[in-house]
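Q: My structure is stored as model.cif, with mmCIF, C-alpha atoms.
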```cif
data_upload
loop_
_atom_site.label_atom_id
_atom_site.label_comp_id
_atom_site.auth_asym_id
_atom_site.auth_seq_id
_atom_site.Cartn_x
_atom_site.Cartn_y
_atom_site.Cartn_z
CA MET A 6 -13.22 7.56 10.73
CA HIS A 7 -16.08 9.55 12.16
CA SER A 8 -15.91 10.40 15.84
CA PRO A 9 -18.31 12.34 18.09
CA GLU A 10 -16.42 15.62 17.67
CA ALA A 11 -15.77 15.28 13.92
CA ARG A 12 -17.86 16.59 11.06
CA ALA A 13 -19.55 14.04 8.82
CA HIS A 14 -18.82 16.23 5.78
CA GLU A 15 -16.45 19.12 5.09
CA ILE A 16 -14.12 20.60 2.50
CA VAL A 17 -10.45 20.78 3.51
CA GLU A 18 -8.08 22.61 1.14
CA GLY A 19 -10.38 21.83 -1.78
CA VAL A 20 -10.72 18.14 -0.93
CA GLU A 21 -14.13 16.73 -0.03
CA ILE A 22 -14.00 14.76 3.22
CA ILE A 23 -16.79 12.32 4.14
CA ARG A 24 -16.84 10.56 7.51
CA PRO A 25 -19.93 8.33 7.72
CA PRO A 26 -21.32 7.91 11.27
CA TYR A 27 -21.42 4.22 12.15
CA TRP A 28 -22.98 4.01 15.64
CA TRP A 29 -25.96 5.56 17.37
CA PRO A 30 -25.97 7.57 19.49
CA LYS A 31 -22.87 9.09 17.88
CA LYS A 32 -21.40 9.99 21.27
CA TRP A 33 -20.74 6.27 21.77
CA GLU A 34 -18.56 5.89 18.69
CA TYR A 35 -15.36 4.37 20.08
CA LEU A 36 -13.10 3.52 17.14
CA ARG A 37 -11.27 6.86 17.38
CA LYS A 38 -11.38 6.90 21.15
CA GLU A 39 -7.59 6.63 21.47
CA GLY A 40 -6.92 8.99 18.59
CA PRO A 41 -3.46 8.54 17.04
CA ALA A 42 -2.79 5.42 19.12
CA GLY A 43 -4.81 3.53 16.53
CA LEU A 44 -7.26 0.64 16.40
CA PRO A 45 -5.08 -2.05 18.08
CA VAL A 46 -4.90 0.01 21.28
CA THR A 47 -8.59 0.92 21.09
CA TRP A 48 -9.68 -2.72 20.67
CA GLN A 49 -7.70 -3.77 23.71
CA LYS A 50 -9.03 -0.99 25.91
CA TYR A 51 -12.71 -0.78 24.91
CA PRO A 52 -14.75 -3.98 24.37
CA LEU A 53 -17.53 -1.95 22.72
CA ALA A 54 -15.10 -0.94 19.97
CA ARG A 55 -14.85 -4.57 18.87
CA LEU A 56 -18.60 -4.65 18.31
CA GLN A 57 -18.45 -1.50 16.22
CA ILE A 58 -16.08 -2.83 13.56
CA LEU A 59 -18.83 -4.61 11.62
CA PRO A 60 -21.23 -1.64 11.38
CA PHE A 61 -18.28 0.60 10.59
CA LEU A 62 -17.28 -1.72 7.76
CA MET A 63 -20.79 -1.96 6.33
CA VAL A 64 -21.43 1.79 6.47
CA HIS A 65 -18.11 2.52 4.76
CA ALA A 66 -18.73 -0.17 2.15
CA ALA A 67 -22.11 1.35 1.28
CA THR A 68 -20.73 4.90 1.18
CA ALA A 69 -17.72 3.91 -0.93
CA ALA A 70 -19.91 1.94 -3.32
CA LYS A 71 -22.11 4.99 -3.90
CA ILE A 72 -19.30 7.51 -4.36
CA ALA A 73 -17.04 5.23 -6.41
CA GLN A 74 -19.56 4.98 -9.23
CA SER A 75 -18.49 8.46 -10.34
CA SER A 76 -14.79 7.73 -9.79
CA ASP A 77 -12.06 6.06 -11.83
CA LEU A 78 -10.69 3.85 -9.06
CA ILE A 79 -10.53 3.38 -5.31
CA HIS A 80 -7.24 3.78 -3.47
CA ALA A 81 -7.71 2.22 -0.03
CA HIS A 82 -5.25 2.83 2.78
CA TRP A 83 -5.03 -0.04 5.28
CA THR A 84 -6.66 -3.40 4.71
CA LEU A 85 -9.81 -2.45 6.65
CA SER A 86 -10.55 0.25 4.07
CA ALA A 87 -9.75 -2.21 1.29
CA ALA A 88 -12.29 -4.62 2.79
CA ALA A 89 -14.95 -1.90 2.62
CA ALA A 90 -14.07 -1.20 -1.02
CA TYR A 91 -14.14 -4.92 -1.86
CA LEU A 92 -17.53 -5.49 -0.20
CA GLY A 93 -19.07 -2.81 -2.39
CA GLN A 94 -17.37 -3.75 -5.64
CA TRP A 95 -20.42 -5.61 -6.93
CA VAL A 96 -22.08 -2.18 -7.00
CA HIS A 97 -19.31 0.16 -8.12
CA HIS A 98 -17.27 -2.16 -10.41
CA ARG A 99 -14.15 -0.03 -10.00
CA PRO A 100 -10.54 -1.23 -9.66
CA ILE A 101 -9.12 -1.20 -6.14
CA VAL A 102 -5.58 -0.22 -5.21
CA VAL A 103 -4.64 -0.82 -1.58
CA THR A 104 -1.66 0.42 0.40
CA VAL A 105 -0.64 -1.62 3.44
CA GLN A 106 1.07 0.50 6.04
CA GLY A 107 1.96 -1.22 9.29
CA SER A 108 -0.20 -2.73 12.01
CA ASP A 109 -2.71 -3.97 9.43
CA ILE A 110 0.00 -6.40 8.31
CA PHE A 111 2.39 -6.72 11.24
CA GLN A 112 -0.24 -7.21 13.96
CA VAL A 113 -3.50 -8.38 12.40
CA THR A 114 -1.86 -11.25 10.53
CA ARG A 115 -0.42 -12.74 13.73
CA HIS A 116 -3.85 -14.22 14.41
CA PRO A 117 -4.93 -17.05 12.05
CA VAL A 118 -8.33 -15.45 11.43
CA GLY A 119 -6.76 -12.07 10.82
CA ALA A 120 -4.26 -13.60 8.39
CA ARG A 121 -7.01 -15.39 6.49
CA LEU A 122 -9.20 -12.30 6.19
CA THR A 123 -6.25 -10.14 5.17
CA ARG A 124 -5.23 -12.64 2.50
CA GLN A 125 -8.80 -12.73 1.13
CA VAL A 126 -9.03 -8.95 0.92
CA LEU A 127 -5.61 -8.43 -0.66
CA ARG A 128 -6.13 -11.17 -3.24
CA ASN A 129 -9.27 -9.40 -4.42
CA CYS A 130 -7.63 -6.01 -4.92
CA ASP A 131 -6.28 -5.13 -8.35
CA ARG A 132 -2.93 -3.88 -7.10
CA ILE A 133 -1.19 -3.69 -3.74
CA THR A 134 1.49 -1.28 -2.60
CA ALA A 135 3.52 -1.58 0.58
CA LEU A 136 5.41 1.20 2.30
CA SER A 137 8.43 -1.05 2.78
CA GLN A 138 9.98 -4.32 1.75
CA ALA A 139 9.38 -5.54 5.31
CA LEU A 140 5.63 -5.13 4.85
CA LYS A 141 5.76 -6.87 1.47
CA THR A 142 7.62 -9.80 3.01
CA VAL A 143 4.95 -10.34 5.67
CA ALA A 144 2.14 -9.96 3.12
CA THR A 145 3.69 -12.62 0.89
CA SER A 146 4.17 -14.91 3.90
CA ILE A 147 0.37 -15.15 4.33
CA GLY A 148 -0.16 -16.18 0.74
CA VAL A 149 -0.26 -13.01 -1.38
CA HIS A 150 1.78 -13.40 -4.57
CA PRO A 151 4.84 -11.11 -4.49
CA ASP A 152 4.34 -10.04 -8.12
CA ARG A 153 1.10 -8.30 -7.08
CA ILE A 154 2.83 -6.13 -4.48
CA GLU A 155 4.89 -3.05 -5.35
CA VAL A 156 6.96 -1.27 -2.69
CA VAL A 157 6.13 2.44 -2.84
CA PRO A 158 7.34 4.37 0.22
CA ASN A 159 5.79 7.39 1.79
CA GLY A 160 6.95 10.74 0.51
CA VAL A 161 7.88 14.13 1.92
CA ASP A 162 7.36 17.63 0.60
CA THR A 163 10.99 18.73 0.29
CA ARG A 164 9.87 22.29 -0.45
CA GLU A 165 8.11 22.48 2.90
CA PHE A 166 10.56 20.44 4.96
CA THR A 167 13.86 22.17 4.28
CA VAL A 168 17.18 22.74 6.01
CA GLY A 169 16.98 25.67 8.40
CA ALA A 170 19.71 28.15 9.26
CA GLU A 171 22.78 26.57 10.83
CA GLU A 172 22.67 29.01 13.74
CA ALA A 173 19.08 27.91 14.50
CA ARG A 174 20.26 24.46 15.59
CA GLU A 175 19.90 23.85 19.30
CA ASP A 176 21.16 21.22 21.72
CA VAL A 177 18.02 19.14 21.22
CA ILE A 178 17.41 15.43 20.75
CA LEU A 179 13.97 14.96 19.18
CA TYR A 180 11.27 12.30 19.15
CA VAL A 181 8.11 12.73 17.07
CA GLY A 182 5.34 10.16 17.10
CA THR A 183 2.46 8.56 18.94
CA LEU A 184 3.19 7.64 22.54
CA ILE A 185 2.35 3.95 22.48
CA LYS A 186 4.31 0.88 23.54
CA ARG A 187 5.47 -0.22 20.11
CA LYS A 188 7.19 3.14 19.51
CA GLY A 189 9.77 2.23 22.17
CA VAL A 190 10.04 5.69 23.73
CA GLU A 191 10.76 4.07 27.11
CA TYR A 192 14.13 2.91 25.76
CA LEU A 193 14.97 6.42 24.63
CA LEU A 194 14.19 7.77 28.10
CA ALA A 195 16.34 5.04 29.65
CA ALA A 196 19.24 6.05 27.41
CA MET A 197 19.10 9.71 28.35
CA PRO A 198 21.05 9.61 31.66
CA GLU A 199 24.12 8.27 29.83
CA VAL A 200 23.69 10.77 26.99
CA LEU A 201 23.27 13.71 29.35
CA GLU A 202 26.33 12.69 31.30
CA SER A 203 28.40 13.21 28.15
CA PHE A 204 26.35 16.12 26.80
CA PRO A 205 24.99 18.02 29.80
CA ASN A 206 23.70 20.94 27.74
CA TYR A 207 21.31 18.80 25.73
CA ARG A 208 17.64 18.07 26.31
CA LEU A 209 15.13 15.64 24.87
CA VAL A 210 11.95 17.02 23.29
CA VAL A 211 9.07 14.58 22.85
CA ILE A 212 6.34 15.58 20.38
CA GLY A 213 3.19 13.48 20.39
CA GLU A 214 0.45 12.14 22.59
CA GLY A 215 -1.03 8.77 23.41
CA PRO A 216 -1.83 6.36 26.25
CA GLU A 217 1.83 6.08 27.29
CA ALA A 218 2.25 9.83 27.84
CA GLU A 219 1.66 9.84 31.59
CA PRO A 220 3.72 6.68 32.35
CA LEU A 221 6.62 8.16 30.35
CA LYS A 222 6.39 11.45 32.24
CA GLN A 223 6.42 9.53 35.51
CA SER A 224 9.50 7.61 34.39
CA ALA A 225 11.28 10.84 33.49
CA ARG A 226 10.51 12.30 36.93
CA ALA A 227 11.63 9.09 38.65
CA MET A 228 14.99 9.33 36.85
CA GLY A 229 15.37 12.94 37.92
CA LEU A 230 15.15 14.15 34.33
CA GLY A 231 11.97 16.19 34.60
CA GLU A 232 13.60 19.44 33.49
CA ARG A 233 15.74 17.82 30.81
CA ILE A 234 12.86 16.14 28.96
CA GLY A 235 10.10 18.24 27.46
CA PHE A 236 6.81 16.56 26.65
CA VAL A 237 5.17 19.13 24.40
CA GLY A 238 2.17 17.06 23.25
CA PHE A 239 0.64 17.23 19.80
CA ARG A 240 2.00 19.89 17.47
CA PRO A 241 0.75 20.93 13.99
CA PRO A 242 3.00 20.23 10.98
CA ASP A 243 4.57 23.68 10.85
CA GLN A 244 5.72 23.38 14.46
CA VAL A 245 6.99 19.83 13.90
CA ARG A 246 9.01 21.14 10.96
CA ALA A 247 10.44 23.92 13.10
CA TRP A 248 11.56 21.46 15.78
CA MET A 249 13.17 19.22 13.16
CA GLN A 250 15.12 22.19 11.83
CA ARG A 251 16.28 23.03 15.36
CA ALA A 252 17.18 19.53 16.58
CA ARG A 253 20.60 17.94 16.21
CA VAL A 254 19.21 14.41 15.85
CA LEU A 255 15.85 12.66 15.58
CA VAL A 256 15.39 9.27 17.26
CA LEU A 257 12.74 6.68 16.36
CA PRO A 258 13.28 3.71 18.76
CA SER A 259 10.28 1.63 17.60
CA VAL A 260 10.04 -2.09 18.19
CA GLU A 261 7.72 -2.32 15.15
CA GLU A 262 7.37 0.14 12.28
CA GLY A 263 5.95 0.02 8.77
CA MET A 264 8.20 2.86 7.66
CA GLY A 265 8.19 6.04 9.77
CA VAL A 266 7.35 9.19 7.82
CA VAL A 267 8.99 11.33 10.52
CA LEU A 268 12.31 9.92 9.35
CA LEU A 269 11.72 11.33 5.87
CA GLU A 270 10.74 14.72 7.28
CA ALA A 271 13.89 14.82 9.42
CA LEU A 272 16.10 13.84 6.48
CA ALA A 273 14.56 16.59 4.37
CA CYS A 274 15.43 19.05 7.16
CA GLY A 275 19.03 17.82 7.13
CA THR A 276 18.65 16.25 10.57
CA PRO A 277 20.54 12.97 11.15
CA VAL A 278 18.36 10.09 12.31
CA ILE A 279 18.71 7.13 14.65
CA GLY A 280 16.26 4.24 14.52
CA SER A 281 15.71 0.64 15.48
CA ARG A 282 16.72 -2.06 13.05
CA VAL A 283 13.10 -3.14 12.46
CA GLY A 284 10.56 -3.04 9.64
CA GLY A 285 10.81 -0.19 7.18
CA ILE A 286 13.11 1.91 9.38
CA GLN A 287 16.12 -0.04 8.19
CA GLU A 288 15.22 0.72 4.58
CA VAL A 289 15.22 4.48 5.20
CA ILE A 290 18.27 4.86 7.43
CA THR A 291 21.48 4.11 5.57
CA PRO A 292 24.93 4.48 7.20
CA ASP A 293 25.51 7.81 5.46
CA VAL A 294 22.44 9.51 6.99
CA GLY A 295 22.13 7.96 10.44
CA VAL A 296 22.53 4.95 12.67
CA LEU A 297 20.55 1.75 13.17
CA VAL A 298 20.51 0.04 16.57
CA PRO A 299 18.96 -3.22 17.79
CA PRO A 300 15.41 -2.70 19.08
CA SER A 301 14.98 -2.33 22.86
CA ASP A 302 18.76 -1.95 23.29
CA THR A 303 19.21 1.04 25.60
CA PRO A 304 23.04 1.01 25.75
CA ALA A 305 23.30 0.82 21.95
CA LEU A 306 20.83 3.67 21.62
CA ALA A 307 22.79 5.87 24.03
CA GLU A 308 26.05 5.10 22.23
CA ALA A 309 24.54 5.93 18.82
CA ILE A 310 23.25 9.29 20.04
CA CYS A 311 26.61 10.18 21.56
CA ASP A 312 28.48 9.14 18.44
CA ILE A 313 26.40 11.46 16.24
CA LEU A 314 26.71 14.41 18.61
CA CYS A 315 30.42 14.18 19.38
CA ASP A 316 31.90 15.10 15.97
CA GLU A 317 30.77 18.42 14.48
CA ALA A 318 32.42 17.88 11.09
CA ALA A 319 30.95 14.40 10.75
CA TRP A 320 27.53 15.73 11.80
CA SER A 321 27.63 18.36 9.04
CA ALA A 322 28.48 15.75 6.42
CA VAL A 323 25.66 13.47 7.59
CA SER A 324 23.26 16.41 7.58
CA ARG A 325 24.10 17.24 3.96
CA ARG A 326 23.69 13.62 2.83
CA ALA A 327 20.40 13.32 4.72
CA ARG A 328 18.91 16.15 2.71
CA GLU A 329 20.24 14.69 -0.53
CA ARG A 330 18.71 11.29 0.22
CA ALA A 331 15.30 12.81 0.95
CA VAL A 332 15.28 14.78 -2.30
CA ARG A 333 16.57 11.91 -4.43
CA HIS A 334 14.37 9.10 -3.10
CA TYR A 335 11.37 10.46 -1.21
CA ASP A 336 10.27 13.75 -2.74
CA TRP A 337 6.49 13.65 -3.22
CA ASP A 338 6.79 14.42 -6.94
CA ILE A 339 8.74 11.19 -7.40
CA ILE A 340 6.28 9.14 -5.33
CA ALA A 341 3.27 10.76 -7.04
CA ASP A 342 4.62 9.84 -10.48
CA ARG A 343 4.87 6.22 -9.38
CA PHE A 344 1.26 6.22 -8.24
CA ILE A 345 0.07 7.86 -11.45
CA THR A 346 1.77 5.09 -13.43
CA LEU A 347 0.16 2.50 -11.16
CA TYR A 348 -3.30 4.08 -11.51
CA GLU A 349 -3.02 4.14 -15.28
CA SER A 350 -2.14 0.45 -15.31
CA VAL A 351 -5.46 -0.55 -13.70
CA THR A 352 -7.91 1.89 -15.31
#
```
Go ahead and render the structure in this file as structure tokens.
A:
Amino acid sequence: MHSPEARAHEIVEGVEIIRPPYWWPKKWEYLRKEGPAGLPVTWQKYPLARLQILPFLMVHAATAAKIAQSSDLIHAHWTLSAAAAYLGQWVHHRPIVVTVQGSDIFQVTRHPVGARLTRQVLRNCDRITALSQALKTVATSIGVHPDRIEVVPNGVDTREFTVGAEEAREDVILYVGTLIKRKGVEYLLAAMPEVLESFPNYRLVVIGEGPEAEPLKQSARAMGLGERIGFVGFRPPDQVRAWMQRARVLVLPSVEEGMGVVLLEALACGTPVIGSRVGGIQEVITPDVGVLVPPSDTPALAEAICDILCDEAAWSAVSRRARERAVRHYDWDIIADRFITLYESVT
């Protein structure tokens, strides 16, 4: 999406990026107002953002229709992008592949109108991919035929995200992600007093930003954990990788999650993972690479963290299997081959 501080056109690593402005004056564009928190948070917070969805959709439909005429196909990510591609199909006549990723299925379809619009868009795409079986299940529940949906997970560059030196590991518990309610970071903070009682040398590092950042910091101070929890804000990929190579465990305590690419990155770095038993998380975390806990269950979360940290030999075995799972199932070369096969089937 375009936003007031973003360029409408640029080249990034050889890829042409086009962000069509959708509101005038541009300084009043609100759809990226909450940044990584996403559209659901923005819609709730800014009434003007709700009015901007229609012009955004029409501008993107017109732009996609023009560009797609010199393309082989359109691959839309999220159903809103697929809607733009579908609206312009009478002009571009190109096949549409759409990937559903999370809130576009889990949240939008909870409303009858949202479910109906989502069903209409998905039925008019040539092929659909879902990041997880959980997303496919919800998509089929609103009336999309399961045979039209293929589960293709996110991938990870296992040459970039690698296992660091053993001596580089620190006494760090890591969270990486947007700081919004559905990520469940509050439950991780609540679990920390029990964890730190058993492992007093450890600290929690929180990477990410979002509307819940300040409330979470206040909670940490109220629990007397200000110095034991580091909120480091947004970090570029190379720094995220470095933290994953240093941490002893990564925790993703979401109450809703399409998949969780940070889990794949942690696995590739040989870092054991703990996550909630929700959505696509439970398809990534198997018993040999981490632990699943019930969502919003603070005691279970604390116990899982302690269990992983208490046995050095077991931790090393889990770390080795984590890396193996990432390479075997989620390496980008594997995922890319699946998409190439899918593209060739519709062109």
Q: The PyMOL selection byres ((chain A and resi 136-146) around 6) - which residues does that actually catch in the file I just gave you? List them as a list in words.
A: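 Matching residues under the PyMOL selection byres ((chain A and resi 136-146) around 6) are Gln106, Ala135, Ile147, Gly148, Val149, His150, Pro151, Val156, Val157, Pro158, Gly284 and Gly285 of chain A.
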Q: Please list as a list in words every residue within 8 Å of A:Ala88, counting all atoms listed in the file and excluding residues in the same chain fewer than 5 positions away.
A: Leu62, Ala66 and Val126 of chain A
Q: Could you tell me, as a PDB file with C-alpha atoms, keeping the file's coordinate frame, exactly which residues end up selected when the PyMOL selection byres ((chain A and resi 127) around 8) is applied to this structure?
A:
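Full text of out.pdb as output:
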```pdb
ATOM      1  CA  THR A  84      -6.660  -3.400   4.710  1.00  0.00           C
ATOM      2  CA  ALA A  87      -9.750  -2.210   1.290  1.00  0.00           C
ATOM      3  CA  VAL A 103      -4.640  -0.820  -1.580  1.00  0.00           C
ATOM      4  CA  THR A 123      -6.250 -10.140   5.170  1.00  0.00           C
ATOM      5  CA  ARG A 124      -5.230 -12.640   2.500  1.00  0.00           C
ATOM      6  CA  GLN A 125      -8.800 -12.730   1.130  1.00  0.00           C
ATOM      7  CA  VAL A 126      -9.030  -8.950   0.920  1.00  0.00           C
ATOM      8  CA  ARG A 128      -6.130 -11.170  -3.240  1.00  0.00           C
ATOM      9  CA  ASN A 129      -9.270  -9.400  -4.420  1.00  0.00           C
ATOM     10  CA  CYS A 130      -7.630  -6.010  -4.920  1.00  0.00           C
ATOM     11  CA  ILE A 133      -1.190  -3.690  -3.740  1.00  0.00           C
ATOM     12  CA  VAL A 149      -0.260 -13.010  -1.380  1.00  0.00           C
TER      13      VAL A 149
END
```
Q: Could you tell me how far atom CA of A:Lys186 lies from atom CA of A:Ala309, in Å and to one decimal?
A: 21.4 Å
Q: Using only C-alpha atoms, give me every residue within 9 Å of (-21.8, 15.5, 5.1) in file coordinates, as an MDAnalysis selection string.
A: chainID A and resid 12:15 22:25
Q: Would you list the residues near (9.3, 3.3, 25.5), meaning any protein, DNA or RNA residue with an atom at most 10 Å from that point in file coordinates, counting only C-alpha atoms, as a list in words?
A: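 Residues satisfying the cut-off, written out: Leu184, Ile185, Lys186, Arg187, Lys188, Gly189, Val190, Glu191, Tyr192, Leu193, Leu194, Ala195, Glu217, Ala218, Pro220, Leu221, Ser224, Pro258, Ser259, Val260 and Ser301 of chain A.
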Q: Could you please take those selected residues and save C-alpha atoms as a PDB file, in the coordinates of the input?
A:
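Contents of out.pdb, as written:
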```
ATOM      1  CA  LEU A 184       3.190   7.640  22.540  1.00  0.00           C
ATOM      2  CA  ILE A 185       2.350   3.950  22.480  1.00  0.00           C
ATOM      3  CA  LYS A 186       4.310   0.880  23.540  1.00  0.00           C
ATOM      4  CA  ARG A 187       5.470  -0.220  20.110  1.00  0.00           C
ATOM      5  CA  LYS A 188       7.190   3.140  19.510  1.00  0.00           C
ATOM      6  CA  GLY A 189       9.770   2.230  22.170  1.00  0.00           C
ATOM      7  CA  VAL A 190      10.040   5.690  23.730  1.00  0.00           C
ATOM      8  CA  GLU A 191      10.760   4.070  27.110  1.00  0.00           C
ATOM      9  CA  TYR A 192      14.130   2.910  25.760  1.00  0.00           C
ATOM     10  CA  LEU A 193      14.970   6.420  24.630  1.00  0.00           C
ATOM     11  CA  LEU A 194      14.190   7.770  28.100  1.00  0.00           C
ATOM     12  CA  ALA A 195      16.340   5.040  29.650  1.00  0.00           C
ATOM     13  CA  GLU A 217       1.830   6.080  27.290  1.00  0.00           C
ATOM     14  CA  ALA A 218       2.250   9.830  27.840  1.00  0.00           C
ATOM     15  CA  PRO A 220       3.720   6.680  32.350  1.00  0.00           C
ATOM     16  CA  LEU A 221       6.620   8.160  30.350  1.00  0.00           C
ATOM     17  CA  SER A 224       9.500   7.610  34.390  1.00  0.00           C
ATOM     18  CA  PRO A 258      13.280   3.710  18.760  1.00  0.00           C
ATOM     19  CA  SER A 259      10.280   1.630  17.600  1.00  0.00           C
ATOM     20  CA  VAL A 260      10.040  -2.090  18.190  1.00  0.00           C
ATOM     21  CA  SER A 301      14.980  -2.330  22.860  1.00  0.00           C
TER      22      SER A 301
END
```
Q: Counting all atoms listed in the file, which of A:Leu297, A:Leu179, A:Gln287, A:Pro9 gets nearest to A:Val245?
A: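 Under the stated criterion, the closest residue is A:Leu179.
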Q: Which residue is closest to A:Arg240? Choose from A:Val181, A:Val254, A:Val105, A:Ala227 and count all atoms listed in the file.
A: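 Going through A:Val181, A:Val254, A:Val105, A:Ala227 one by one, the smallest distance to A:Arg240 is for A:Val181.
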Q: Record the distance separating atom CA of A:Tyr180 and atom CA of A:Glu329, expressed in Å with one decimal.
A: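 About the pair atom CA of A:Tyr180 and atom CA of A:Glu329: they are 21.8 Å apart.
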Q: With all atoms listed in the file as the atoms that count, which of A:Thr183, A:Thr134, A:Gln223, A:Ser350 lies nearest to A:Gly40?
A: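 For A:Gly40, the nearest of the given residues is A:Thr183.
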Q: Tell me which residues the PyMOL selection byres ((chain A and resi 313-326) around 6) grabs here, as a list in words.
A: Gly275, Thr276, Pro277, Val294, Ile310, Cys311, Asp312, Ala327, Arg328 and Glu329 of chain A
Q: In Å, with one decimal, what is the gap from atom CA of A:Met63 to atom CA of A:Val20?
A: 23.6 Å
